[in-house]
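Right, one structure below, let's go through it.
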Amino acid sequence: MQENRRVRMTKRCMKDALLELLDKMPLNKVSVTDICNTADVNRSTFYAYYNDIEALLSEIETEALAQIPVNIDPEEIGYEGNLLNKLEIFFNYIQSNEKIYRILMFQSGERDFNNKLVSFILGHYKNSTPVSDKLLAKYSCIYCINGVIGLVKEWIQDGFPIPPKQFAKLVLQMSIQAIEIEGINHIE
């Protein structure tokens with residue numbers, strides 16, 4: 001069933017309210033009443049759309065993941081220039097959406113958005129590696145993705161001191177070196 005504009009706006013207000021609250025306090029301190037007061041909606045309105053705060057947060061996370069620019073052709077992955085361009089687009093996106101990624105990666109409490117992010121990226125790129133051994137390819141990819149997420153967290157926390165293009169070059173170089181350390185030929 002498609003949502004009408006009023007429903008979308010109401011849900012957007014509640015999502016924005018939760019993000020605003022998470023920017024100030026941990027998830028376990030946020031109540032439905034806090035969300036309703038911040039969004040200026042009734043509790044019954046909240047419960048008409050969500051069973052609990054976790055469901056609201058889960059929808060925010062799902063939307064954030066769905067908007068990540070990941071369109072890359074596995075045939076093109078071998079060209080470092082193309083991969084560098086895709087990384088730059090991704091890092092520009094993260095920088096442009098700093099608030100939501102800062103909150104989800106650092107402030108969302110017990111939930112682990114970072115694991116969802118790893119799974120999401122792995123799902124898009126696991127078949128793009130030049131490694132023929134599937135298990136080794138999976139581990140190499142997980143290693144690189146977790147490393148990149150760690151770097152992105154620091155980059156966000158430091159206030160983006162490196163421009164996205166330069167950050168993309170750094171990430172690509174480090175990923176190639178990590179794969180080479182494992183005795184795997186780097187992307188050519």
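By order of appearance in the structure tokens: chains A, B, ..., then residues from 1 within every chain, and ligands from 1 in the order shown.
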Spatial neighbours of segment 48-59 of chain A, max dist 10 Å, only C-alpha atoms, sep filter under 5 positions, as a list of chain:residue names: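 Residues meeting the cut-off are A:Val7, A:Thr10, A:Lys11, A:Met14, A:Lys15, A:Leu18, A:Leu19, A:Leu27, A:Asn28, A:Val30, A:Ser31, A:Val32, A:Ile35, A:Asn42, A:Arg43, A:Ala64, A:Leu65, A:Leu104, A:Ser108, A:Arg111, A:Phe113.
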Backbone DSSP call of helix (DSSP H, G or I) for segment 7-143 of chain A, listed as a VMD selection string: chain A and resid 7 to 22 27 to 29 32 to 39 43 to 49 53 to 66 80 to 96 98 to 107 113 to 128 134 to 143
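Between atom CA of Phe90 of chain A and atom CA of Ile103 of chain A the separation is 17.7 Å.
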Residue contacts of Thr38 of chain A (9 Å, only C-alpha atoms) excluding same-chain residues fewer than 3 positions away, as a VMD selection string: chain A and resid 13 to 14 16 to 18 20 to 21 33 to 35 41
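For the pair atom CA of Met174 of chain A and atom CA of Lys86 of chain A, the separation is 15.8 Å.
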Residue among A:Arg6, A:Leu84, A:Leu122, A:Pro161 lying closest to Ala137 of chain A, counting only C-alpha atoms: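 When distances to Ala137 of chain A are compared using only C-alpha atoms, the smallest one comes from A:Leu122.
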Using only C-alpha atoms: which of A:Ile145, A:Met105, A:Leu136, A:Ala66 has the shortest distance to Leu22 of chain A: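 Of all the options, A:Met105 lies closest to Leu22 of chain A.
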Atom CA of Pro69 of chain A to atom CA of Glu3 of chain A, straight-line distance in Å: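 Going from atom CA of Glu3 of chain A over to atom CA of Pro69 of chain A, I get 24.5 Å.
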Proximity to Leu170 of chain A - best of A:Glu63, A:Leu87, A:Lys153, A:Tyr47, only C-alpha atoms: A:Leu87
Close residues, Lys165 of chain A itself excluded, 9 Å, only C-alpha atoms, min 2 positions apart in chain, as JSON, numbers by chain: {"A": [84, 85, 87, 88, 89, 91, 92, 162, 163, 167, 168, 169, 170]}
